[in-house]
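For reference, data16.cif is printed below; it contains mmCIF, C-alpha atoms and all ligand atoms.
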data_structure
#
loop_
_atom_site.label_atom_id
_atom_site.label_comp_id
_atom_site.auth_asym_id
_atom_site.auth_seq_id
_atom_site.Cartn_x
_atom_site.Cartn_y
_atom_site.Cartn_z
CA MET A 187 38.33 -121.08 -92.51
CA ALA A 188 41.91 -121.01 -93.64
CA SER A 189 45.06 -119.09 -94.25
CA VAL A 190 46.27 -118.37 -97.79
CA THR A 191 49.99 -118.50 -98.55
CA LEU A 192 51.62 -117.39 -101.78
CA ASP A 193 55.24 -118.21 -102.38
CA GLY A 194 56.84 -116.67 -105.47
CA VAL A 195 53.53 -116.80 -107.34
CA GLY A 196 53.57 -115.58 -110.93
CA LYS A 197 51.33 -115.58 -113.98
CA THR A 198 52.38 -115.18 -117.57
CA TYR A 199 49.46 -115.37 -119.99
CA PRO A 200 49.87 -117.46 -123.16
CA ASN A 201 50.37 -114.24 -125.19
CA GLY A 202 53.48 -113.49 -123.10
CA THR A 203 51.99 -110.83 -120.78
CA GLU A 204 53.54 -111.17 -117.34
CA ALA A 205 50.53 -110.07 -115.26
CA VAL A 206 51.86 -111.15 -111.84
CA ALA A 207 55.51 -111.64 -110.88
CA ASP A 208 57.02 -113.31 -107.85
CA VAL A 209 54.36 -112.50 -105.24
CA SER A 210 55.05 -113.87 -101.76
CA LEU A 211 52.42 -113.14 -99.16
CA ALA A 212 50.87 -114.88 -96.17
CA ILE A 213 47.25 -114.04 -95.32
CA ALA A 214 46.33 -115.23 -91.84
CA ASP A 215 43.24 -117.24 -91.01
CA GLY A 216 40.47 -114.73 -90.32
CA GLU A 217 42.32 -111.75 -91.82
CA LEU A 218 40.84 -109.16 -94.18
CA LEU A 219 43.52 -108.31 -96.72
CA VAL A 220 42.88 -105.64 -99.34
CA LEU A 221 44.76 -105.84 -102.62
CA VAL A 222 44.98 -102.41 -104.24
CA GLY A 223 46.70 -100.90 -107.25
CA PRO A 224 45.99 -99.08 -110.49
CA SER A 225 44.07 -100.70 -113.31
CA GLY A 226 46.11 -103.39 -115.06
CA CYS A 227 48.53 -104.01 -112.15
CA GLY A 228 47.50 -107.67 -111.87
CA LYS A 229 45.06 -107.65 -108.93
CA SER A 230 42.28 -109.59 -110.63
CA THR A 231 44.73 -112.08 -112.06
CA LEU A 232 46.11 -112.75 -108.58
CA LEU A 233 42.62 -113.15 -107.10
CA ARG A 234 41.53 -115.41 -109.94
CA MET A 235 44.59 -117.61 -109.39
CA ILE A 236 43.59 -118.01 -105.73
CA ALA A 237 40.05 -118.86 -106.85
CA GLY A 238 41.38 -121.42 -109.33
CA LEU A 239 39.98 -119.55 -112.34
CA GLU A 240 43.46 -118.93 -113.78
CA THR A 241 46.41 -121.31 -113.75
CA VAL A 242 49.49 -120.41 -111.72
CA THR A 243 52.55 -120.37 -114.00
CA SER A 244 55.19 -120.16 -111.25
CA GLY A 245 55.42 -120.51 -107.49
CA THR A 246 53.26 -122.22 -104.91
CA LEU A 247 49.79 -121.36 -103.69
CA LYS A 248 48.49 -122.84 -100.46
CA ILE A 249 45.08 -122.68 -98.80
CA GLY A 250 45.46 -123.88 -95.22
CA ASP A 251 48.25 -126.45 -95.30
CA GLY A 252 47.50 -127.81 -98.75
CA VAL A 253 49.08 -126.80 -102.05
CA VAL A 254 46.19 -125.98 -104.39
CA ASN A 255 48.07 -125.02 -107.58
CA THR A 256 46.30 -127.64 -109.65
CA LEU A 257 43.04 -128.06 -107.69
CA SER A 258 39.77 -127.17 -109.42
CA PRO A 259 37.86 -124.11 -108.11
CA GLN A 260 35.21 -126.40 -106.60
CA ALA A 261 37.80 -128.36 -104.63
CA ARG A 262 39.32 -125.21 -103.06
CA ASN A 263 36.35 -124.18 -100.93
CA VAL A 264 36.66 -120.53 -101.87
CA ALA A 265 33.79 -118.24 -102.86
CA MET A 266 34.13 -115.22 -105.09
CA VAL A 267 31.93 -112.14 -105.52
CA PHE A 268 32.46 -110.23 -108.76
CA GLN A 269 31.69 -106.63 -109.61
CA ASP A 270 28.73 -107.59 -111.79
CA TYR A 271 27.13 -109.73 -109.11
CA ALA A 272 24.67 -111.27 -111.57
CA LEU A 273 21.68 -112.69 -109.72
CA TYR A 274 19.23 -114.89 -111.59
CA PRO A 275 16.45 -112.40 -112.42
CA HIS A 276 13.60 -114.93 -112.54
CA MET A 277 14.48 -116.46 -109.15
CA THR A 278 13.52 -115.09 -105.73
CA VAL A 279 16.23 -114.07 -103.29
CA ARG A 280 15.67 -117.37 -101.46
CA ARG A 281 16.17 -119.39 -104.65
CA ASN A 282 19.25 -117.36 -105.54
CA LEU A 283 20.72 -118.11 -102.11
CA GLU A 284 19.84 -121.79 -102.32
CA LEU A 285 21.30 -122.30 -105.76
CA PRO A 286 24.93 -123.08 -104.82
CA LEU A 287 23.64 -125.54 -102.20
CA ARG A 288 21.20 -127.25 -104.57
CA MET A 289 24.08 -127.73 -106.98
CA ARG A 290 25.83 -129.63 -104.19
CA LYS A 291 22.70 -131.65 -103.54
CA MET A 292 22.51 -130.50 -99.95
CA PRO A 293 19.67 -131.93 -97.83
CA ALA A 294 16.70 -129.54 -97.52
CA ASP A 295 16.94 -129.00 -93.74
CA GLU A 296 20.65 -128.10 -93.88
CA MET A 297 19.96 -125.82 -96.84
CA GLU A 298 17.20 -124.07 -94.94
CA ARG A 299 19.44 -123.61 -91.88
CA ARG A 300 22.21 -122.04 -93.95
CA VAL A 301 19.90 -119.72 -95.89
CA ARG A 302 18.30 -118.55 -92.65
CA SER A 303 21.67 -117.97 -91.04
CA VAL A 304 23.00 -115.95 -93.99
CA ALA A 305 19.72 -114.01 -94.28
CA ASP A 306 19.99 -113.09 -90.57
CA LEU A 307 23.64 -112.15 -90.94
CA LEU A 308 22.98 -109.85 -93.89
CA GLY A 309 19.53 -108.56 -92.92
CA LEU A 310 17.81 -110.24 -95.88
CA GLY A 311 15.01 -111.90 -93.89
CA GLU A 312 12.27 -109.62 -95.23
CA LEU A 313 13.49 -109.88 -98.80
CA LEU A 314 13.59 -113.65 -99.30
CA ASP A 315 10.47 -113.80 -101.49
CA ARG A 316 11.35 -110.84 -103.70
CA LEU A 317 12.81 -110.93 -107.17
CA PRO A 318 16.14 -109.14 -107.83
CA LYS A 319 14.38 -106.36 -109.77
CA GLN A 320 12.42 -105.52 -106.60
CA LEU A 321 15.64 -104.80 -104.68
CA SER A 322 17.85 -101.72 -104.41
CA GLY A 323 21.46 -101.85 -105.64
CA GLY A 324 22.76 -102.29 -102.10
CA GLN A 325 20.28 -105.08 -101.35
CA ARG A 326 21.25 -106.91 -104.54
CA GLN A 327 24.87 -106.61 -103.52
CA ARG A 328 24.05 -108.16 -100.16
CA VAL A 329 22.25 -111.06 -101.82
CA ALA A 330 25.31 -111.66 -104.01
CA MET A 331 27.48 -111.78 -100.91
CA GLY A 332 24.95 -114.05 -99.22
CA ARG A 333 25.06 -116.41 -102.17
CA ALA A 334 28.82 -116.70 -101.73
CA LEU A 335 28.73 -116.99 -97.92
CA VAL A 336 25.98 -119.61 -97.84
CA ARG A 337 28.57 -122.12 -98.98
CA GLU A 338 30.51 -121.39 -95.78
CA PRO A 339 33.74 -121.02 -97.73
CA ALA A 340 37.18 -121.24 -96.17
CA VAL A 341 38.19 -118.10 -98.07
CA PHE A 342 36.01 -115.30 -99.40
CA LEU A 343 37.28 -113.38 -102.44
CA LEU A 344 35.78 -110.07 -103.54
CA ASP A 345 36.68 -108.41 -106.83
CA GLU A 346 35.69 -104.70 -106.83
CA PRO A 347 32.32 -105.61 -105.26
CA LEU A 348 31.17 -102.01 -104.80
CA SER A 349 31.94 -100.56 -108.21
CA ASN A 350 28.31 -100.71 -109.37
CA LEU A 351 27.01 -98.77 -106.36
CA ASP A 352 26.71 -94.99 -106.04
CA ALA A 353 29.14 -93.15 -103.75
CA LYS A 354 26.87 -93.00 -100.69
CA LEU A 355 25.86 -96.63 -100.87
CA ARG A 356 29.48 -97.64 -101.36
CA VAL A 357 30.39 -96.15 -98.00
CA GLN A 358 27.48 -97.94 -96.33
CA VAL A 359 28.13 -101.35 -97.89
CA ARG A 360 31.85 -100.98 -97.20
CA ALA A 361 31.08 -100.61 -93.50
CA GLU A 362 28.74 -103.61 -93.71
CA ILE A 363 31.45 -105.76 -95.29
CA ALA A 364 33.95 -104.79 -92.58
CA GLU A 365 31.42 -105.60 -89.89
CA LEU A 366 30.47 -108.88 -91.54
CA GLN A 367 34.10 -109.91 -91.72
CA GLN A 368 34.67 -109.12 -88.06
CA ARG A 369 31.61 -111.08 -87.04
CA THR A 370 32.26 -114.14 -89.18
CA LYS A 371 36.07 -114.04 -89.02
CA THR A 372 36.15 -115.38 -92.58
CA THR A 373 39.48 -115.00 -94.35
CA MET A 374 38.76 -112.32 -96.96
CA ILE A 375 40.78 -111.00 -99.86
CA TYR A 376 39.28 -107.85 -101.28
CA VAL A 377 40.43 -106.31 -104.57
CA THR A 378 39.94 -102.65 -105.37
CA HIS A 379 41.62 -99.86 -107.35
CA ASP A 380 40.33 -97.31 -104.82
CA GLN A 381 42.89 -96.44 -102.16
CA VAL A 382 40.27 -94.89 -99.86
CA GLU A 383 38.35 -98.16 -99.88
CA ALA A 384 41.58 -100.04 -99.20
CA MET A 385 42.66 -97.82 -96.34
CA THR A 386 39.28 -97.91 -94.59
CA LEU A 387 38.71 -101.64 -94.94
CA GLY A 388 41.89 -103.64 -94.62
CA ASP A 389 43.64 -105.08 -91.56
CA ARG A 390 46.54 -104.97 -93.94
CA VAL A 391 46.73 -103.55 -97.43
CA ALA A 392 48.84 -105.02 -100.23
CA VAL A 393 49.80 -102.43 -102.85
CA MET A 394 50.63 -103.76 -106.33
CA ASP A 395 52.22 -102.07 -109.31
CA ARG A 396 52.95 -103.68 -112.66
CA GLY A 397 52.48 -107.21 -111.38
CA ARG A 398 54.67 -106.85 -108.31
CA LEU A 399 53.93 -106.31 -104.66
CA GLN A 400 55.18 -102.92 -103.56
CA GLN A 401 54.32 -103.06 -99.87
CA VAL A 402 52.05 -104.99 -97.53
CA ALA A 403 51.30 -103.26 -94.25
CA PRO A 404 48.50 -101.93 -92.03
CA PRO A 405 46.95 -98.72 -93.43
CA ALA A 406 48.64 -96.39 -90.94
CA GLU A 407 52.06 -97.77 -91.81
CA LEU A 408 51.47 -97.37 -95.56
CA TYR A 409 50.60 -93.76 -94.92
CA GLU A 410 53.39 -92.97 -92.49
CA HIS A 411 56.16 -95.12 -93.94
CA PRO A 412 55.54 -95.80 -97.63
CA ALA A 413 58.22 -98.22 -98.83
CA SER A 414 58.49 -96.64 -102.27
CA ALA A 415 57.69 -93.51 -104.22
CA PHE A 416 54.97 -95.48 -105.98
CA VAL A 417 53.17 -96.26 -102.70
CA ALA A 418 53.66 -92.67 -101.52
CA GLY A 419 52.09 -91.36 -104.71
CA PHE A 420 49.21 -93.83 -104.57
CA ILE A 421 48.08 -93.63 -100.93
CA GLY A 422 46.48 -90.48 -99.57
CA ASN A 423 43.85 -88.19 -101.01
CA PRO A 424 45.31 -86.17 -102.59
CA PRO A 425 48.45 -88.31 -102.59
CA MET A 426 51.91 -87.21 -101.49
CA ASN A 427 53.63 -84.48 -103.52
CA LEU A 428 56.76 -85.95 -105.12
CA LEU A 429 59.30 -83.47 -106.39
CA PRO A 430 63.01 -83.18 -107.03
CA ALA A 431 64.99 -81.34 -104.33
CA ARG A 432 68.56 -80.94 -103.12
CA LEU A 433 69.52 -81.17 -99.46
CA ARG A 434 72.75 -79.76 -98.03
CA LEU A 435 73.97 -79.58 -94.48
CA ASP A 436 74.90 -76.12 -93.21
CA GLY A 437 76.13 -76.41 -89.64
CA GLU A 438 73.20 -77.44 -87.51
CA ARG A 439 70.69 -76.80 -90.26
CA ILE A 440 69.76 -78.18 -93.65
CA VAL A 441 69.35 -76.15 -96.77
CA VAL A 442 66.57 -77.51 -99.00
CA THR A 443 66.54 -76.35 -102.63
CA ILE A 444 63.30 -76.82 -104.55
CA ALA A 445 63.00 -75.30 -108.06
CA ASP A 446 64.52 -71.80 -107.81
CA GLN A 447 64.10 -71.53 -104.04
CA ARG A 448 66.15 -72.34 -101.02
CA LEU A 449 64.94 -72.70 -97.47
CA THR A 450 66.90 -73.33 -94.31
CA LEU A 451 65.33 -75.68 -91.78
CA PRO A 452 66.36 -77.46 -88.58
CA ALA A 453 68.30 -80.65 -89.35
CA GLU A 454 65.72 -83.32 -88.49
CA GLY A 455 64.50 -86.69 -89.66
CA VAL A 456 65.66 -88.54 -92.73
CA ALA A 457 66.38 -85.25 -94.50
CA ALA A 458 69.20 -84.57 -92.01
CA LYS A 459 70.67 -88.02 -92.60
CA VAL A 460 70.58 -87.65 -96.38
CA ALA A 461 72.11 -84.16 -96.19
CA ARG A 462 74.81 -85.44 -93.85
CA ASP A 463 75.86 -88.39 -96.01
CA GLY A 464 75.86 -86.33 -99.22
CA ALA A 465 73.06 -88.22 -101.02
CA GLY A 466 71.19 -84.92 -101.33
CA ASP A 467 73.93 -83.18 -103.31
CA GLN A 468 72.15 -84.41 -106.43
CA GLU A 469 68.44 -83.93 -106.95
CA ILE A 470 66.59 -86.53 -104.93
CA THR A 471 62.90 -87.44 -105.00
CA THR A 472 61.33 -85.72 -102.04
CA GLY A 473 57.85 -86.38 -100.72
CA ILE A 474 55.68 -83.89 -98.83
CA ARG A 475 52.12 -84.81 -97.88
CA PRO A 476 49.59 -82.11 -98.85
CA GLU A 477 48.52 -81.95 -95.19
CA ALA A 478 52.13 -81.36 -94.08
CA LEU A 479 52.19 -77.98 -95.86
CA HIS A 480 51.12 -74.91 -93.85
CA LEU A 481 50.44 -71.34 -94.91
CA VAL A 482 52.50 -68.69 -93.16
CA SER A 483 52.32 -64.90 -93.27
CA ASP A 484 54.84 -62.70 -95.07
CA ASP A 485 56.51 -61.95 -91.70
CA GLU A 486 57.45 -65.59 -91.27
CA ALA A 487 58.27 -66.16 -94.92
CA GLY A 488 62.02 -66.57 -94.32
CA ALA A 489 61.74 -70.35 -94.01
CA ALA A 490 58.92 -70.83 -96.51
CA LEU A 491 58.40 -71.67 -100.17
CA HIS A 492 56.94 -68.84 -102.19
CA ALA A 493 54.28 -70.26 -104.44
CA THR A 494 51.69 -69.07 -106.92
CA VAL A 495 48.16 -70.42 -106.67
CA GLU A 496 47.02 -72.05 -109.90
CA HIS A 497 43.74 -73.64 -108.87
CA VAL A 498 41.64 -73.93 -105.69
CA GLU A 499 39.10 -76.52 -104.58
CA TRP A 500 36.83 -75.70 -101.64
CA LEU A 501 35.55 -78.85 -99.94
CA GLY A 502 33.86 -77.18 -96.97
CA HIS A 503 36.00 -78.54 -94.15
CA GLU A 504 39.20 -77.95 -96.09
CA THR A 505 40.67 -76.16 -99.07
CA LEU A 506 42.97 -77.76 -101.62
CA ALA A 507 45.39 -75.26 -103.09
CA TYR A 508 47.23 -76.34 -106.25
CA VAL A 509 50.33 -74.18 -106.46
CA ALA A 510 53.49 -73.76 -108.53
CA ILE A 511 56.97 -73.00 -107.24
CA GLY A 512 59.37 -71.44 -109.69
CA THR A 513 58.54 -70.54 -113.26
CA GLY A 514 58.78 -71.92 -116.77
CA LYS A 515 60.08 -75.42 -117.34
CA ASP A 516 61.74 -75.57 -113.92
CA ALA A 517 58.48 -74.97 -112.06
CA VAL A 518 57.29 -77.72 -109.73
CA ARG A 519 53.67 -78.21 -108.79
CA LEU A 520 52.32 -79.11 -105.37
CA VAL A 521 48.99 -79.44 -103.68
CA ALA A 522 48.49 -78.14 -100.16
CA ARG A 523 45.60 -79.29 -97.99
CA LEU A 524 44.58 -76.43 -95.77
CA PRO A 525 42.01 -76.66 -92.96
CA GLY A 526 38.74 -74.74 -93.34
CA MET A 527 37.65 -72.44 -96.14
CA ARG A 528 40.50 -70.26 -97.39
CA SER A 529 39.82 -67.24 -99.52
CA LEU A 530 42.47 -67.95 -102.11
CA THR A 531 42.22 -67.25 -105.80
CA LYS A 532 44.28 -67.98 -108.86
CA ASP A 533 47.56 -66.04 -109.08
CA ASP A 534 47.66 -65.29 -105.32
CA ARG A 535 51.16 -65.48 -103.88
CA VAL A 536 51.37 -67.70 -100.78
CA ASN A 537 54.12 -68.81 -98.38
CA LEU A 538 54.16 -72.49 -97.55
CA THR A 539 56.27 -74.19 -94.96
CA PHE A 540 56.62 -77.69 -93.52
CA ASP A 541 58.23 -79.54 -90.67
CA PRO A 542 61.51 -81.06 -91.99
CA ALA A 543 60.77 -84.22 -89.98
CA SER A 544 57.72 -84.81 -92.21
CA LEU A 545 59.81 -85.09 -95.40
CA HIS A 546 60.02 -88.46 -97.17
CA LEU A 547 62.97 -89.24 -99.42
CA PHE A 548 63.32 -91.85 -102.15
CA ALA A 549 66.40 -93.34 -103.79
CA PRO A 550 66.69 -93.28 -107.62
CA ASP A 551 65.20 -96.81 -107.77
CA GLY A 552 62.12 -95.51 -105.93
CA ARG A 553 62.78 -97.22 -102.59
CA ALA A 554 62.22 -95.16 -99.48
CA ILE A 555 65.25 -94.03 -97.51
CA SER A 556 64.65 -94.20 -93.77
CA SER A 557 66.55 -92.67 -90.86
CA GLU A 558 68.12 -96.06 -90.25
CA GLY A 559 69.30 -96.03 -93.84
CA THR A 560 67.32 -99.06 -94.97
CA ALA A 561 63.95 -99.20 -96.66
CA PRO A 562 61.14 -100.52 -94.46
CA PRO A 563 60.35 -104.21 -94.91
CA LEU A 564 58.17 -104.94 -97.90
CA VAL A 565 55.81 -107.17 -95.99
CA THR A 566 54.81 -106.43 -92.42
CA PRO A 567 53.44 -109.58 -90.81
CA ARG A 568 50.02 -109.35 -89.23
CA GLN A 569 50.30 -108.41 -85.55
P1 LIG B 1 43.83 -105.42 -112.68
O1 LIG B 1 42.85 -106.35 -112.07
O2 LIG B 1 44.82 -104.89 -111.70
O3 LIG B 1 43.19 -104.31 -113.48
P2 LIG B 1 44.48 -107.64 -114.42
O4 LIG B 1 44.89 -108.73 -113.53
O5 LIG B 1 43.09 -107.68 -114.98
O6 LIG B 1 44.73 -106.24 -113.71
O7 LIG B 1 45.49 -107.56 -115.64
C1 LIG B 1 46.90 -107.53 -115.48
C2 LIG B 1 47.58 -107.52 -116.84
O8 LIG B 1 47.34 -108.75 -117.51
C3 LIG B 1 47.07 -106.43 -117.78
O9 LIG B 1 48.17 -105.98 -118.52
C4 LIG B 1 46.08 -107.16 -118.64
O10 LIG B 1 45.97 -106.55 -119.90
C5 LIG B 1 46.70 -108.53 -118.75
N1 LIG B 1 45.69 -109.61 -118.94
C6 LIG B 1 44.60 -109.85 -118.18
N2 LIG B 1 43.93 -110.93 -118.60
C7 LIG B 1 44.62 -111.39 -119.69
C8 LIG B 1 44.45 -112.51 -120.58
N3 LIG B 1 43.44 -113.37 -120.46
N4 LIG B 1 45.36 -112.65 -121.58
C9 LIG B 1 46.40 -111.81 -121.69
N5 LIG B 1 46.63 -110.75 -120.88
C10 LIG B 1 45.75 -110.54 -119.89
#
Represent the structure of the file as structure tokens.
Ligand code: ADP
Amino acid sequence: MASVTLDGVGKTYPNGTEAVADVSLAIADGELLVLVGPSGCGKSTLLRMIAGLETVTSGTLKIGDGVVNTLSPQARNVAMVFQDYALYPHMTVRRNLELPLRMRKMPADEMERRVRSVADLLGLGELLDRLPKQLSGGQRQRVAMGRALVREPAVFLLDEPLSNLDAKLRVQVRAEIAELQQRTKTTMIYVTHDQVEAMTLGDRVAVMDRGRLQQVAPPAELYEHPASAFVAGFIGNPPMNLLPARLRLDGERIVVTIADQRLTLPAEGVAAKVARDGAGDQEITTGIRPEALHLVSDDEAGAALHATVEHVEWLGHETLAYVAIGTGKDAVRLVARLPGMRSLTKDDRVNLTFDPASLHLFAPDGRAISSEGTAPPLVTPRQ
């Protein structure tokens, strides 16, 4: 097993596309790091560079202590599982598992030991004599992982390994992968575009956008302290509401102006700092998590936003209310996540309030403003 260290790693394809730019990241031995971002942000390119399937055009890539920039994939001792985990259809599970070892001309007894150990680890013992077509999607996925693990790689790379599974199976196999990683303590780098998968799986999550790392941190920190508006708008389901607002200090309180409305709140958190130093005199990108919004009655509406319901989703344990504040071209749209089943319908008028300490604020370049005045560090080292 090994650590993986990227120092200023970049990839420009021959056609001039800069797919990955200046990525510096240290993945500890035995860590599960999830790389997440929207389609086209460069995740697969980064993973394929680590695997040795794409050349690195700038920077240094290390596995353990050795620079591997120019090493062949075989010489790197990494194993990769792809989304279309093609098994050989005419070979039994056992033969599929043995294949990478036969290609290395491994002695039969060692091969048998490894296949048995991986079959035990992944619960494939009963399936060894079956053909892939006699397996369920989840079982096939496990065989594909087994075929990678049987090589006992130093680093295990997974590229969207669950995308061919249905939603229920995805949750189950996701839990199996997390458990497998904890048991084997294999260094794993897991690529996905799905932020829920990233948040539930990773020790740390690296968020990418347009080829660059936006933030690398444990899931809770990404949620509580997103380093940029991009991360704030990507993490969370539904993600954070981002809207323009003005913030002005009025004695001991702050006046928040959103669309055509003004509400006066206690001066707390980063909002108080921004109001105090005048950065909120202009419109500033303001983030409010859907779960930070609360419905209040007309009696308490003094410190609330007055919104019109545009669309409602009932999810059983909660209700998502999509609302508009203001009218016409100045209207801003928000989603509020309300506990339980709420009997709301389109065009209802509602009062929404929030704790000023839960506001997030972002500078014009997208970086988060914190109470200390500086954006959180981009990369939080593993604890
Ligand atoms: P992701 O995995 O996040 O969807 P990719 O790493 O596949 O993103 O792609 C990143 C960017 O590089 C995209 O703009 C994509 O079109 C481009 N790209 C990927 N592969 C190639 C290639 N072989 N040649 C040129 N451009 C490529």
Task: Shortest interatomic distance to Thr231 (chain A) - which of A:Val377, A:Ser189, A:Leu219, A:Leu366, counting all atoms listed in the file - done: A:Val377
Open item on the list: Let me make sure I understand: among A:Arg462, A:Arg519, A:His379, A:Arg316, which one has the smallest atom-to-atom distance to ligand LIG 1 (chain B) if we use only C-alpha atoms and all ligand atoms?
Closed with: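 Distance minimum relative to ligand LIG 1 (chain B) lands on A:His379.
Residue nearest Pro318 (chain A) within the list A:Ala489, A:Leu343, A:Leu283, A:Ala549: A:Leu283 [criterion: smallest interatomic distance, only C-alpha atoms].
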Neighbour list for His492 (chain A) as a PDB file with C-alpha atoms, keeping the file's coordinate frame, cut-off 12 Å, all atoms listed in the file, skip fewer than 3 positions in-chain:
ATOM      1  CA  ILE A 444      63.300 -76.820-104.550  1.00  0.00           C
ATOM      2  CA  ALA A 445      63.000 -75.300-108.060  1.00  0.00           C
ATOM      3  CA  ASP A 446      64.520 -71.800-107.810  1.00  0.00           C
ATOM      4  CA  GLN A 447      64.100 -71.530-104.040  1.00  0.00           C
ATOM      5  CA  ARG A 448      66.150 -72.340-101.020  1.00  0.00           C
ATOM      6  CA  LEU A 449      64.940 -72.700 -97.470  1.00  0.00           C
ATOM      7  CA  HIS A 480      51.120 -74.910 -93.850  1.00  0.00           C
ATOM      8  CA  LEU A 481      50.440 -71.340 -94.910  1.00  0.00           C
ATOM      9  CA  VAL A 482      52.500 -68.690 -93.160  1.00  0.00           C
ATOM     10  CA  SER A 483      52.320 -64.900 -93.270  1.00  0.00           C
ATOM     11  CA  ASP A 484      54.840 -62.700 -95.070  1.00  0.00           C
ATOM     12  CA  GLU A 486      57.450 -65.590 -91.270  1.00  0.00           C
ATOM     13  CA  ALA A 487      58.270 -66.160 -94.920  1.00  0.00           C
ATOM     14  CA  GLY A 488      62.020 -66.570 -94.320  1.00  0.00           C
ATOM     15  CA  ALA A 489      61.740 -70.350 -94.010  1.00  0.00           C
ATOM     16  CA  VAL A 495      48.160 -70.420-106.670  1.00  0.00           C
ATOM     17  CA  VAL A 509      50.330 -74.180-106.460  1.00  0.00           C
ATOM     18  CA  ALA A 510      53.490 -73.760-108.530  1.00  0.00           C
ATOM     19  CA  ILE A 511      56.970 -73.000-107.240  1.00  0.00           C
ATOM     20  CA  GLY A 512      59.370 -71.440-109.690  1.00  0.00           C
ATOM     21  CA  THR A 513      58.540 -70.540-113.260  1.00  0.00           C
ATOM     22  CA  ALA A 517      58.480 -74.970-112.060  1.00  0.00           C
ATOM     23  CA  VAL A 518      57.290 -77.720-109.730  1.00  0.00           C
ATOM     24  CA  ARG A 519      53.670 -78.210-108.790  1.00  0.00           C
ATOM     25  CA  LEU A 520      52.320 -79.110-105.370  1.00  0.00           C
ATOM     26  CA  ASP A 533      47.560 -66.040-109.080  1.00  0.00           C
ATOM     27  CA  ASP A 534      47.660 -65.290-105.320  1.00  0.00           C
ATOM     28  CA  ARG A 535      51.160 -65.480-103.880  1.00  0.00           C
ATOM     29  CA  VAL A 536      51.370 -67.700-100.780  1.00  0.00           C
ATOM     30  CA  ASN A 537      54.120 -68.810 -98.380  1.00  0.00           C
ATOM     31  CA  LEU A 538      54.160 -72.490 -97.550  1.00  0.00           C
ATOM     32  CA  THR A 539      56.270 -74.190 -94.960  1.00  0.00           C
TER      33      THR A 539
END
Open item on the list: ligand LIG 1 (chain B): which residues are within 12 Å, counting all atoms listed in the file? Reply as an MDAnalysis selection string.
Closed with: chainID A and resid 196:207 221:235 239:241 268:269 344:346 376:380 393:399
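Computed from the coordinates, the CA of Asp516 (chain A) to CA of Ser556 (chain A) distance equals 27.6 Å.
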TODO: Tell me which protein, DNA and RNA residues are within 12 Å of region 261-264 of chain A, counting all atoms listed in the file, leaving out same-chain ones fewer than 6 positions away, and put them as a ChimeraX atom specification.
DONE: /A:187-190,233-239,247-255,334-344,372-375
Open item on the list: So the first atom is CA of Ala212 (chain A) and the second is CA of Gly422 (chain A); what is the distance between them in Å, to one decimal place?
Closed with: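 Answer for the CA of Ala212 (chain A) to CA of Gly422 (chain A) separation: 25.0 Å.
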